[in-house]
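A.B. asks: Okay, so here is upload-v4.cif, and as you'll see once you scroll down, it has mmCIF, C-alpha atoms.
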```cif
data_data
#
loop_
_atom_site.label_atom_id
_atom_site.label_comp_id
_atom_site.auth_asym_id
_atom_site.auth_seq_id
_atom_site.Cartn_x
_atom_site.Cartn_y
_atom_site.Cartn_z
CA MET U 1 30.14 -12.41 -8.37
CA PRO U 2 32.89 -13.62 -6.11
CA ALA U 3 31.42 -13.87 -2.67
CA ASP U 4 34.39 -14.51 -0.41
CA SER U 5 34.88 -13.19 3.09
CA ARG U 6 36.27 -9.91 1.75
CA ILE U 7 33.01 -9.10 -0.03
CA SER U 8 31.01 -9.91 3.11
CA LEU U 9 33.37 -7.75 5.17
CA ARG U 10 32.98 -4.81 2.78
CA PHE U 11 29.22 -5.00 2.86
CA GLY U 12 29.22 -5.55 6.62
CA ILE U 13 31.27 -2.40 7.22
CA ASN U 14 28.94 -0.37 5.02
CA TYR U 15 25.78 -1.67 6.69
CA PHE U 16 27.33 -0.92 10.08
CA LEU U 17 28.26 2.66 9.11
CA LEU U 18 24.99 3.40 7.31
CA PHE U 19 22.81 2.32 10.21
CA ALA U 20 25.12 4.12 12.63
CA VAL U 21 23.80 7.30 10.96
CA TYR U 22 20.27 6.04 11.66
CA GLY U 23 21.34 5.58 15.30
CA VAL U 24 21.05 9.36 15.61
CA ALA U 25 18.51 10.08 12.86
CA SER U 26 15.74 7.70 13.97
CA PRO U 27 15.61 8.58 17.69
CA TYR U 28 16.52 12.26 17.48
CA LEU U 29 15.29 13.77 14.20
CA GLN U 30 11.83 14.31 15.67
CA VAL U 31 13.45 15.87 18.75
CA MET U 32 15.62 18.13 16.57
CA VAL U 33 12.58 19.41 14.67
CA ARG U 34 10.63 19.92 17.90
CA ARG U 35 13.51 21.93 19.40
CA LEU U 36 13.64 24.18 16.37
CA GLY U 37 10.47 25.66 17.87
CA TYR U 38 7.61 23.79 16.18
CA ASN U 39 4.53 22.30 17.89
CA ALA U 40 3.48 18.65 17.59
CA LEU U 41 1.17 19.33 14.64
CA LEU U 42 3.95 20.98 12.64
CA VAL U 43 6.40 18.26 13.65
CA GLY U 44 3.96 15.74 12.18
CA ILE U 45 3.58 17.79 8.99
CA PHE U 46 7.33 18.24 8.55
CA LEU U 47 8.09 14.58 9.19
CA GLY U 48 5.22 13.63 6.90
CA MET U 49 6.77 15.70 4.11
CA PHE U 50 10.10 14.08 4.94
CA GLU U 51 8.53 10.69 4.24
CA LEU U 52 6.69 11.97 1.15
CA VAL U 53 9.89 13.23 -0.49
CA GLY U 54 11.43 9.90 0.45
CA ILE U 55 8.97 8.10 -1.84
CA ALA U 56 9.55 9.42 -5.36
CA GLY U 57 13.21 10.39 -5.13
CA PRO U 58 14.64 6.97 -4.24
CA ILE U 59 12.49 5.24 -6.90
CA VAL U 60 13.93 7.51 -9.62
CA LEU U 61 17.49 7.21 -8.34
CA ALA U 62 17.24 3.45 -7.88
CA ARG U 63 16.01 3.08 -11.47
CA MET U 64 19.29 4.71 -12.51
CA ALA U 65 21.15 2.00 -10.61
CA ASP U 66 19.18 -0.67 -12.46
CA ARG U 67 19.98 0.90 -15.84
CA THR U 68 23.66 1.56 -15.25
CA GLY U 69 24.58 -1.13 -12.69
CA ARG U 70 26.45 1.56 -10.74
CA HIS U 71 25.47 1.45 -7.09
CA ARG U 72 28.38 3.14 -5.34
CA PRO U 73 27.98 6.56 -7.06
CA LEU U 74 24.35 6.73 -5.94
CA LEU U 75 25.32 5.85 -2.39
CA ILE U 76 27.96 8.62 -2.43
CA VAL U 77 25.42 11.15 -3.69
CA SER U 78 23.02 10.02 -0.95
CA ALA U 79 25.62 10.65 1.76
CA LEU U 80 26.40 14.11 0.35
CA LEU U 81 22.69 14.97 0.36
CA VAL U 82 22.49 14.05 4.05
CA LEU U 83 25.40 16.39 4.85
CA ALA U 84 23.88 19.23 2.82
CA GLY U 85 20.45 18.70 4.37
CA LEU U 86 21.85 18.89 7.90
CA MET U 87 23.58 22.18 7.14
CA VAL U 88 20.41 23.74 5.71
CA LEU U 89 18.27 22.41 8.59
CA ILE U 90 20.47 23.91 11.29
CA ALA U 91 21.80 27.05 9.61
CA LEU U 92 18.41 28.41 8.55
CA PRO U 93 15.79 27.87 11.30
CA MET U 94 12.73 28.89 9.29
CA ALA U 95 9.85 26.82 7.93
CA VAL U 96 10.89 26.87 4.25
CA ALA U 97 14.49 25.99 5.09
CA THR U 98 13.35 23.26 7.49
CA MET U 99 11.31 21.71 4.70
CA LEU U 100 14.21 21.96 2.26
CA GLY U 101 16.70 20.49 4.72
CA LEU U 102 14.39 17.60 5.60
CA SER U 103 13.75 16.95 1.90
CA MET U 104 17.49 16.63 1.25
CA LEU U 105 17.83 14.36 4.28
CA ALA U 106 14.95 12.23 2.99
CA LEU U 107 16.54 11.79 -0.42
CA GLY U 108 19.85 10.84 1.15
CA LEU U 109 18.64 8.52 3.90
CA LYS U 110 15.79 6.87 1.99
CA THR U 111 17.85 6.12 -1.12
CA ALA U 112 20.81 4.46 0.58
CA VAL U 113 19.00 1.50 2.15
CA PRO U 114 17.21 0.10 -0.94
CA VAL U 115 20.27 0.62 -3.14
CA LEU U 116 22.58 -1.14 -0.68
CA ASP U 117 20.01 -3.92 -0.13
CA ALA U 118 19.58 -4.47 -3.87
CA PHE U 119 23.36 -4.43 -4.36
CA LEU U 120 23.79 -7.11 -1.70
CA LEU U 121 20.94 -9.29 -3.02
CA GLN U 122 22.44 -9.03 -6.51
CA THR U 123 25.77 -10.18 -5.10
CA ILE U 124 24.10 -13.13 -3.34
CA GLU U 125 22.29 -14.29 -6.48
CA SER U 126 25.37 -14.07 -8.68
CA ALA U 127 27.42 -15.97 -6.12
CA ARG U 128 24.86 -18.75 -6.16
CA LEU U 129 24.99 -18.79 -9.96
CA GLN U 130 28.69 -19.57 -9.73
CA GLY U 131 28.17 -22.18 -7.02
CA VAL U 132 30.30 -20.33 -4.49
CA ARG U 133 29.50 -19.37 -0.94
CA SER U 134 27.33 -16.27 -0.85
CA PRO U 135 27.06 -13.53 1.77
CA ASP U 136 24.34 -14.00 4.37
CA TYR U 137 21.75 -11.19 4.13
CA GLY U 138 20.47 -11.74 7.67
CA ILE U 139 23.92 -11.52 9.25
CA LEU U 140 24.91 -8.44 7.27
CA ARG U 141 21.60 -6.70 8.01
CA ALA U 142 22.15 -7.55 11.68
CA THR U 143 25.54 -5.87 11.39
CA GLY U 144 23.63 -2.71 10.51
CA SER U 145 21.46 -3.17 13.58
CA ALA U 146 24.63 -3.48 15.66
CA GLY U 147 25.81 -0.13 14.31
CA PHE U 148 22.47 1.41 15.24
CA VAL U 149 22.59 -0.04 18.77
CA LEU U 150 26.15 1.10 19.40
CA ILE U 151 25.51 4.70 18.38
CA ALA U 152 22.13 4.93 20.14
CA MET U 153 23.72 3.67 23.35
CA LEU U 154 26.64 6.07 23.02
CA ALA U 155 24.14 8.90 22.64
CA GLN U 156 22.27 7.67 25.72
CA LEU U 157 25.48 7.45 27.77
CA THR U 158 26.84 10.83 26.64
CA PRO U 159 25.97 13.33 29.39
CA GLY U 160 23.63 16.03 28.17
CA PHE U 161 23.17 14.69 24.63
CA GLU U 162 19.42 14.11 24.93
CA THR U 163 18.90 17.66 26.20
CA SER U 164 21.38 19.22 23.76
CA THR U 165 20.62 21.66 20.95
CA PRO U 166 19.69 20.60 17.42
CA PHE U 167 23.15 21.82 16.34
CA VAL U 168 24.87 19.24 18.54
CA MET U 169 22.62 16.40 17.37
CA ALA U 170 23.08 17.38 13.72
CA GLY U 171 26.84 17.59 14.24
CA ALA U 172 26.93 14.02 15.58
CA MET U 173 24.88 12.82 12.63
CA GLY U 174 27.19 14.67 10.24
CA VAL U 175 30.32 13.04 11.66
CA LEU U 176 28.74 9.59 11.29
CA THR U 177 27.72 10.41 7.72
CA LEU U 178 31.32 11.31 6.89
CA ALA U 179 32.42 7.92 8.25
CA HIS U 180 29.73 6.24 6.12
CA LEU U 181 30.92 8.21 3.08
CA ALA U 182 34.49 7.03 3.62
CA GLY U 183 33.33 3.42 3.96
CA LEU U 184 31.61 3.50 0.57
CA TRP U 185 34.98 3.41 -1.18
CA LEU U 186 35.31 -0.19 -0.04
CA LEU U 187 32.46 -1.16 -2.37
CA PRO U 188 32.98 -1.75 -6.09
CA GLU U 189 31.53 0.93 -8.34
CA HIS U 190 29.74 -1.19 -10.92
CA GLY U 191 29.02 -4.35 -8.96
CA VAL U 192 31.20 -7.44 -8.99
CA PRO U 193 31.20 -9.07 -12.44
CA VAL U 194 30.26 -12.69 -12.93
CA ASP U 195 33.17 -14.64 -14.36
CA ALA U 196 32.93 -15.85 -17.94
CA THR U 197 32.82 -19.54 -17.05
CA ALA U 198 29.88 -19.11 -14.71
CA GLU U 199 28.14 -17.02 -17.32
CA LYS U 200 28.48 -19.77 -19.92
CA THR U 201 27.37 -22.57 -17.62
CA CYS U 202 24.60 -20.72 -15.81
CA ALA U 203 23.23 -18.28 -18.37
CA PRO U 204 19.53 -18.90 -19.07
CA PRO U 205 18.54 -20.20 -22.50
CA GLN U 206 17.09 -17.47 -24.68
CA GLU U 207 14.02 -19.36 -25.83
CA SER U 208 12.78 -20.86 -22.56
CA PRO U 209 9.03 -20.47 -22.21
CA ALA U 210 7.50 -18.65 -19.28
CA PRO U 211 5.97 -20.95 -16.67
CA GLN U 212 2.30 -21.29 -15.99
CA ASN U 213 1.90 -19.93 -12.48
CA THR U 214 -1.63 -19.22 -11.32
CA ALA U 215 -0.36 -17.32 -8.27
CA GLY U 216 1.68 -15.01 -10.50
CA THR U 217 4.81 -15.71 -8.44
CA PHE U 218 8.21 -14.60 -9.72
CA LYS U 219 10.43 -17.24 -8.17
CA VAL U 220 14.14 -16.64 -7.87
CA ALA U 221 14.91 -20.26 -8.77
CA GLN U 222 12.91 -19.93 -11.99
CA TYR U 223 14.89 -16.92 -13.06
CA LEU U 224 18.18 -18.57 -12.26
CA SER U 225 17.23 -21.49 -14.47
CA GLY U 226 16.03 -19.26 -17.29
CA MET U 227 12.34 -19.90 -16.76
CA GLY U 228 11.22 -16.52 -15.42
CA GLY U 229 8.24 -14.54 -16.68
CA ARG U 230 8.44 -11.28 -18.64
CA THR U 231 8.95 -7.91 -16.98
CA ALA U 232 5.91 -6.54 -18.80
CA ALA U 233 3.78 -8.48 -16.31
CA TRP U 234 5.30 -6.62 -13.38
CA PRO U 235 3.95 -5.44 -11.02
CA ASP U 236 1.12 -7.97 -11.02
CA HIS U 237 -1.91 -8.11 -8.73
CA VAL U 238 -0.20 -10.40 -6.20
CA PHE U 239 2.70 -7.98 -5.86
CA LEU U 240 0.29 -5.09 -5.32
CA LEU U 241 -1.78 -7.03 -2.77
CA GLY U 242 1.34 -7.94 -0.84
CA LEU U 243 2.53 -4.35 -0.97
CA ALA U 244 -0.84 -3.24 0.44
CA VAL U 245 -0.53 -5.70 3.35
CA ILE U 246 2.97 -4.40 4.04
CA ALA U 247 1.88 -0.76 3.75
CA LEU U 248 -0.98 -1.12 6.24
CA SER U 249 1.33 -2.62 8.84
CA ARG U 250 3.90 0.10 8.21
CA LEU U 251 1.15 2.71 8.59
CA ALA U 252 0.44 1.24 12.02
CA MET U 253 4.12 1.61 12.90
CA ALA U 254 4.32 5.24 11.71
CA PRO U 255 3.61 6.92 15.08
CA ILE U 256 6.49 5.01 16.67
CA GLY U 257 8.96 6.36 14.14
CA SER U 258 7.62 9.90 14.32
CA PHE U 259 6.50 10.36 17.94
CA PHE U 260 7.91 7.68 20.24
CA SER U 261 10.85 9.83 21.36
CA LEU U 262 8.51 12.70 22.16
CA TYR U 263 6.16 10.27 23.95
CA VAL U 264 9.05 9.19 26.17
CA THR U 265 10.10 12.72 27.09
CA GLU U 266 6.71 14.50 27.19
CA GLU U 267 4.31 11.74 28.34
CA LEU U 268 6.58 9.52 30.45
CA HIS U 269 8.97 12.31 31.52
CA VAL U 270 12.09 10.15 31.34
CA GLN U 271 15.39 10.82 29.58
CA ALA U 272 15.98 7.44 27.98
CA ILE U 273 15.48 7.99 24.25
CA GLY U 274 18.77 6.48 23.13
CA GLY U 275 18.55 3.54 25.51
CA LEU U 276 15.01 2.60 24.48
CA TRP U 277 15.80 2.83 20.77
CA ALA U 278 18.97 0.79 21.33
CA LEU U 279 16.92 -1.83 23.19
CA SER U 280 14.51 -2.18 20.29
CA ALA U 281 17.33 -2.45 17.74
CA ALA U 282 19.20 -5.00 19.86
CA SER U 283 16.07 -7.15 20.16
CA GLU U 284 15.71 -7.32 16.39
CA ILE U 285 19.20 -8.72 15.72
CA PRO U 286 18.58 -12.43 16.50
CA PHE U 287 15.27 -12.35 14.63
CA ILE U 288 16.83 -10.78 11.53
CA ILE U 289 19.41 -13.58 11.51
CA LEU U 290 17.08 -16.48 12.32
CA SER U 291 13.79 -15.43 10.73
CA TRP U 292 14.97 -16.45 7.26
CA LYS U 293 14.57 -20.13 8.14
CA PHE U 294 10.98 -19.49 9.24
CA ILE U 295 10.27 -17.43 6.12
CA ARG U 296 11.64 -20.14 3.81
CA ARG U 297 9.69 -22.89 5.59
CA TYR U 298 6.35 -21.09 5.54
CA SER U 299 6.08 -17.90 3.47
CA PRO U 300 7.03 -14.21 3.72
CA MET U 301 3.41 -13.14 4.06
CA PHE U 302 2.70 -15.54 6.92
CA ALA U 303 5.68 -14.03 8.76
CA ILE U 304 4.34 -10.53 8.08
CA ALA U 305 0.95 -11.53 9.56
CA ILE U 306 2.66 -12.70 12.76
CA ALA U 307 4.62 -9.44 12.92
CA SER U 308 1.39 -7.48 12.44
CA TRP U 309 -0.13 -9.10 15.54
CA ALA U 310 2.99 -8.00 17.42
CA ILE U 311 2.45 -4.45 16.13
CA VAL U 312 -1.10 -4.49 17.53
CA ALA U 313 0.19 -5.64 20.92
CA ARG U 314 3.00 -3.08 20.93
CA LEU U 315 0.74 -0.11 20.20
CA LEU U 316 -1.83 -1.18 22.77
CA ILE U 317 0.90 -1.50 25.41
CA TYR U 318 1.98 2.09 24.76
CA ALA U 319 -1.65 3.25 24.90
CA LEU U 320 -2.81 1.28 27.96
CA PHE U 321 0.37 1.15 30.06
CA PRO U 322 2.05 4.59 29.82
CA SER U 323 5.06 3.84 32.00
CA PRO U 324 8.77 3.05 31.64
CA ALA U 325 7.95 -0.66 32.01
CA GLY U 326 5.36 -0.41 29.24
CA ALA U 327 7.83 1.41 27.00
CA ILE U 328 10.43 -1.33 27.59
CA ALA U 329 7.91 -4.10 26.85
CA GLY U 330 6.80 -2.37 23.67
CA GLN U 331 10.36 -1.85 22.47
CA LEU U 332 11.15 -5.53 23.01
CA LEU U 333 8.32 -6.39 20.60
CA HIS U 334 10.39 -4.64 17.94
CA SER U 335 12.03 -8.06 17.63
CA LEU U 336 8.95 -9.20 15.70
CA CYS U 337 7.66 -5.85 14.44
CA TYR U 338 10.90 -5.25 12.54
CA GLY U 339 13.21 -8.22 13.08
CA MET U 340 10.73 -10.58 11.42
CA PHE U 341 8.72 -8.07 9.39
CA GLN U 342 11.62 -6.48 7.48
CA PRO U 343 13.28 -9.69 6.20
CA ALA U 344 9.85 -11.09 5.26
CA ALA U 345 8.91 -7.94 3.36
CA VAL U 346 12.27 -7.87 1.57
CA ALA U 347 11.88 -11.57 0.68
CA PHE U 348 8.39 -11.00 -0.75
CA ILE U 349 9.52 -8.02 -2.87
CA HIS U 350 12.58 -9.93 -4.03
CA LEU U 351 10.54 -12.98 -5.07
CA LYS U 352 7.94 -10.91 -6.88
CA THR U 353 10.32 -8.64 -8.83
CA PRO U 354 12.21 -9.56 -12.03
CA PRO U 355 16.00 -9.67 -11.52
CA GLU U 356 16.71 -6.72 -13.81
CA LEU U 357 14.34 -4.52 -11.78
CA ARG U 358 15.33 -5.56 -8.28
CA THR U 359 16.70 -2.12 -7.25
CA THR U 360 13.52 -0.51 -8.57
CA GLY U 361 11.42 -3.08 -6.71
CA MET U 362 13.25 -2.36 -3.47
CA ALA U 363 12.83 1.38 -3.97
CA LEU U 364 9.11 0.89 -4.68
CA PHE U 365 8.87 -1.07 -1.45
CA MET U 366 10.68 1.70 0.44
CA GLY U 367 8.45 4.34 -1.14
CA ALA U 368 4.95 2.89 -1.42
CA GLY U 369 5.36 0.25 1.28
CA ILE U 370 7.16 2.35 3.86
CA GLY U 371 7.44 6.01 2.80
CA LEU U 372 3.81 6.70 1.87
CA PRO U 373 2.40 5.02 5.01
CA SER U 374 4.92 6.91 7.13
CA PHE U 375 3.89 10.19 5.46
CA LEU U 376 0.21 9.56 6.11
CA GLY U 377 0.92 8.35 9.63
CA SER U 378 3.01 11.40 10.51
CA MET U 379 0.41 13.83 9.19
CA LEU U 380 -2.48 12.11 10.96
CA GLY U 381 -0.36 11.41 14.03
CA GLY U 382 0.61 15.06 14.50
CA ALA U 383 -3.05 16.09 14.52
CA LEU U 384 -3.97 13.31 16.96
CA VAL U 385 -1.16 14.22 19.37
CA GLU U 386 -2.08 17.90 19.27
CA HIS U 387 -5.78 17.30 19.98
CA ALA U 388 -5.98 13.96 21.82
CA GLY U 389 -2.54 13.00 23.13
CA TYR U 390 -0.06 10.20 22.64
CA ARG U 391 -2.14 7.39 24.13
CA ILE U 392 -5.03 7.95 21.70
CA LEU U 393 -2.47 8.15 18.91
CA PHE U 394 -1.06 4.69 19.57
CA GLY U 395 -4.45 3.09 20.29
CA THR U 396 -5.94 4.43 17.06
CA PHE U 397 -3.11 3.21 14.84
CA ALA U 398 -3.43 -0.36 16.12
CA PHE U 399 -6.51 -0.65 13.86
CA PHE U 400 -4.32 -0.30 10.75
CA ALA U 401 -2.33 -3.39 11.75
CA LEU U 402 -5.62 -5.24 12.23
CA ALA U 403 -6.65 -4.15 8.71
CA SER U 404 -3.39 -5.60 7.37
CA ILE U 405 -4.13 -8.93 9.05
CA ILE U 406 -7.67 -9.00 7.64
CA LEU U 407 -6.41 -8.27 4.11
CA TYR U 408 -3.90 -11.10 4.41
CA ARG U 409 -6.57 -13.50 5.65
CA VAL U 410 -8.88 -12.67 2.73
CA TYR U 411 -6.15 -13.40 0.16
CA LYS U 412 -4.17 -15.88 2.22
CA GLU U 413 -3.96 -18.67 -0.35
CA MET U 414 -2.75 -16.35 -3.10
CA LEU U 415 -0.25 -14.45 -0.97
CA SER U 416 1.13 -17.52 0.80
CA ALA U 417 1.97 -19.08 -2.58
CA VAL U 418 4.82 -16.56 -2.88
CA ARG U 419 7.71 -18.48 -1.29
#
```
Turn the structure described in the file into structure tokens.
C.D. replies:
Amino acid sequence: MPADSRISLRFGINYFLLFAVYGVASPYLQVMVRRLGYNALLVGIFLGMFELVGIAGPIVLARMADRTGRHRPLLIVSALLVLAGLMVLIALPMAVATMLGLSMLALGLKTAVPVLDAFLLQTIESARLQGVRSPDYGILRATGSAGFVLIAMLAQLTPGFETSTPFVMAGAMGVLTLAHLAGLWLLPEHGVPVDATAEKTCAPPQESPAPQNTAGTFKVAQYLSGMGGRTAAWPDHVFLLGLAVIALSRLAMAPIGSFFSLYVTEELHVQAIGGLWALSAASEIPFIILSWKFIRRYSPMFAIAIASWAIVARLLIYALFPSPAGAIAGQLLHSLCYGMFQPAAVAFIHLKTPPELRTTGMALFMGAGIGLPSFLGSMLGGALVEHAGYRILFGTFAFFALASIILYRVYKEMLSAVR
């Protein structure tokens, strides 16, 4: 795949526009559902179902991208689902319609990220096959964070937005989705083909034997040299163990995604949702760019363990120091909780997934590693908020991050071999 500055620019624009949509969705979706008239328990149930639908759908759709090699059509369908889901959510304020609207939003929002990530990683690998300069994943992912920060800050600085109706918030999200939809036409439909010369010089020999690898590691370099294992062995036990470590840490993070905005307004009584979310996204940018060097030097799982300790600290700060200063300190820890965690998790999944199943691997990560924990966390979190409050919620979920660290320590040698 040619990987010149134009390809990087096209991906950069699309990451920016996609995460601009998240700049409204992440901070304000929970607020929108709450203002439709539901209590905290129902908010947790609805957002839990939102995450549950976001598990199976993207895996099925991403498998289509692996089979056909067509990424852009799936991204277009995802954007259209977001628009349709917003209309149903706002036009029909009843429980069944709320569930349907959130389900459509889940399919749209949860599919776009793994498909775009897999498309970019495919572009990077093919560029390296040809020996040309490849796009930088960290920089392009940070471009997405910049889009999130910009929109979250604009929402914060727009008078009355945080106290506005769900219709206004959904309208803002819809406009951003239309911009994202327009930006998708900059991407190629089928992926960028590898030129014939590179294919002849870099194509793997057909009869190369699979390597003996006691850690079961699928290494990118082995695949590029034609020495990869067979897809029948995937997912292996190391992949599943790593996914479990990732899932436990994401479970610990679930109450932040589902209830932090409500914690700020109802527990702290401050109107700073957009600003606090923008602060957390801004703090992640340098780590997303620089953490790759750390991940390559050590291992993805070691980086995830460090991020998990930061998750423990962040949740305990929210629980023990319920104040604007505590909220700011916790949001700054997002630099590690996401800025290091996300690239490390993506690197682990990428290393442990055969090339022809990379989109499926990313969707499995988004579903089982992020979606399922978020579903469980939202359901449990809603009940905890309703009966015990936000501080107990955050303090309780810190134990899941500790469980992730313990699991990593038990299988440290095996998991750290994936690098």
A.B. asks: Starting from the shown file, work through the PyMOL selection byres ((chain U and resi 148) around 8) and note down what comes out as a list in words.
C.D. replies: Phe16, Phe19, Ala20, Val21, Tyr22, Gly23, Gly144, Ser145, Ala146, Gly147, Val149, Leu150, Ile151, Ala152, Ala278 and Ala281 of chain U
A.B. asks: Listed atoms of stretch 161-164 of chain U, axis-aligned box, 5 Å per side: centre and edge lengths to one decimal in Å, as JSON?
C.D. replies:
```
{"center_x": 21.0, "center_y": 16.7, "center_z": 25.0, "size_x": 14.3, "size_y": 15.1, "size_z": 12.4}
```
A.B. asks: Could you write out as number ranges by chain the residues that the PyMOL selection byres ((chain U and resi 45) around 9) matches in the shown file?
C.D. replies: U: 40-44, 46-50, 375, 378-380, 382-383
A.B. asks: Mind listing whatever residues come within 9 Å of the point (25.7, 15.5, 12.2)? Use only C-alpha atoms, file coordinates, and give them as a list in words.
C.D. replies: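 Nearby residues: Val21, Val24, Val82, Leu83, Leu86, Met87, Phe167, Val168, Met169, Ala170, Gly171, Ala172, Met173, Gly174, Val175, Leu176, Thr177 and Leu178 of chain U.
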A.B. asks: Just how far from atom CA of U:Leu402 is atom CA of U:Asp117, in Å to one decimal?
C.D. replies: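 These atoms are spaced 28.5 Å apart.
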A.B. asks: Using C-alpha atoms, give me stretch 101-163 of chain U from the structure I just pasted, as a PDB file, in the first residue's frame.
C.D. replies:
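Result file selection.pdb:
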```pdb
ATOM      1  CA  GLY U 101     -32.303   3.916  19.387  1.00  0.00           C
ATOM      2  CA  LEU U 102     -29.400   3.030  21.683  1.00  0.00           C
ATOM      3  CA  SER U 103     -28.972  -0.310  19.906  1.00  0.00           C
ATOM      4  CA  MET U 104     -28.632   1.448  16.552  1.00  0.00           C
ATOM      5  CA  LEU U 105     -26.184   3.915  18.083  1.00  0.00           C
ATOM      6  CA  ALA U 106     -24.178   1.022  19.520  1.00  0.00           C
ATOM      7  CA  LEU U 107     -23.911  -0.722  16.162  1.00  0.00           C
ATOM      8  CA  GLY U 108     -22.817   2.495  14.493  1.00  0.00           C
ATOM      9  CA  LEU U 109     -20.370   3.791  17.075  1.00  0.00           C
ATOM     10  CA  LYS U 110     -18.877   0.454  18.118  1.00  0.00           C
ATOM     11  CA  THR U 111     -18.269  -0.782  14.570  1.00  0.00           C
ATOM     12  CA  ALA U 112     -16.475   2.283  13.233  1.00  0.00           C
ATOM     13  CA  VAL U 113     -13.457   2.246  15.562  1.00  0.00           C
ATOM     14  CA  PRO U 114     -12.261  -1.370  15.051  1.00  0.00           C
ATOM     15  CA  VAL U 115     -12.860  -1.197  11.294  1.00  0.00           C
ATOM     16  CA  LEU U 116     -10.928   2.056  10.938  1.00  0.00           C
ATOM     17  CA  ASP U 117      -8.160   0.770  13.243  1.00  0.00           C
ATOM     18  CA  ALA U 118      -7.835  -2.479  11.283  1.00  0.00           C
ATOM     19  CA  PHE U 119      -7.844  -0.550   7.990  1.00  0.00           C
ATOM     20  CA  LEU U 120      -5.005   1.665   9.220  1.00  0.00           C
ATOM     21  CA  LEU U 121      -2.956  -1.239  10.610  1.00  0.00           C
ATOM     22  CA  GLN U 122      -3.394  -3.060   7.300  1.00  0.00           C
ATOM     23  CA  THR U 123      -2.107   0.025   5.505  1.00  0.00           C
ATOM     24  CA  ILE U 124       0.911   0.223   7.832  1.00  0.00           C
ATOM     25  CA  GLU U 125       1.861  -3.423   7.318  1.00  0.00           C
ATOM     26  CA  SER U 126       1.566  -3.262   3.538  1.00  0.00           C
ATOM     27  CA  ALA U 127       3.638  -0.090   3.440  1.00  0.00           C
ATOM     28  CA  ARG U 128       6.372  -1.845   5.377  1.00  0.00           C
ATOM     29  CA  LEU U 129       6.191  -4.765   2.949  1.00  0.00           C
ATOM     30  CA  GLN U 130       7.047  -2.358   0.147  1.00  0.00           C
ATOM     31  CA  GLY U 131       9.796  -0.683   2.157  1.00  0.00           C
ATOM     32  CA  VAL U 132       8.136   2.716   2.064  1.00  0.00           C
ATOM     33  CA  ARG U 133       7.367   5.077   4.893  1.00  0.00           C
ATOM     34  CA  SER U 134       4.246   3.996   6.738  1.00  0.00           C
ATOM     35  CA  PRO U 135       1.656   6.054   8.613  1.00  0.00           C
ATOM     36  CA  ASP U 136       2.229   6.408  12.347  1.00  0.00           C
ATOM     37  CA  TYR U 137      -0.626   4.793  14.306  1.00  0.00           C
ATOM     38  CA  GLY U 138       0.103   6.764  17.475  1.00  0.00           C
ATOM     39  CA  ILE U 139       0.030  10.133  15.719  1.00  0.00           C
ATOM     40  CA  LEU U 140      -3.147   9.352  13.788  1.00  0.00           C
ATOM     41  CA  ARG U 141      -4.890   8.000  16.902  1.00  0.00           C
ATOM     42  CA  ALA U 142      -3.822  11.182  18.697  1.00  0.00           C
ATOM     43  CA  THR U 143      -5.466  13.130  15.873  1.00  0.00           C
ATOM     44  CA  GLY U 144      -8.696  11.439  16.914  1.00  0.00           C
ATOM     45  CA  SER U 145      -8.098  12.513  20.504  1.00  0.00           C
ATOM     46  CA  ALA U 146      -7.613  16.072  19.269  1.00  0.00           C
ATOM     47  CA  GLY U 147     -11.019  15.917  17.579  1.00  0.00           C
ATOM     48  CA  PHE U 148     -12.553  14.685  20.831  1.00  0.00           C
ATOM     49  CA  VAL U 149     -10.898  17.462  22.862  1.00  0.00           C
ATOM     50  CA  LEU U 150     -11.948  20.203  20.457  1.00  0.00           C
ATOM     51  CA  ILE U 151     -15.613  19.203  20.422  1.00  0.00           C
ATOM     52  CA  ALA U 152     -15.789  18.537  24.170  1.00  0.00           C
ATOM     53  CA  MET U 153     -14.323  21.978  24.857  1.00  0.00           C
ATOM     54  CA  LEU U 154     -16.690  23.637  22.397  1.00  0.00           C
ATOM     55  CA  ALA U 155     -19.577  21.958  24.204  1.00  0.00           C
ATOM     56  CA  GLN U 156     -18.205  23.176  27.542  1.00  0.00           C
ATOM     57  CA  LEU U 157     -17.818  26.744  26.260  1.00  0.00           C
ATOM     58  CA  THR U 158     -21.232  26.873  24.564  1.00  0.00           C
ATOM     59  CA  PRO U 159     -23.580  28.648  26.995  1.00  0.00           C
ATOM     60  CA  GLY U 160     -26.384  26.401  28.159  1.00  0.00           C
ATOM     61  CA  PHE U 161     -25.262  23.259  26.328  1.00  0.00           C
ATOM     62  CA  GLU U 162     -24.722  21.162  29.461  1.00  0.00           C
ATOM     63  CA  THR U 163     -28.203  22.039  30.729  1.00  0.00           C
TER      64      THR U 163
END
```
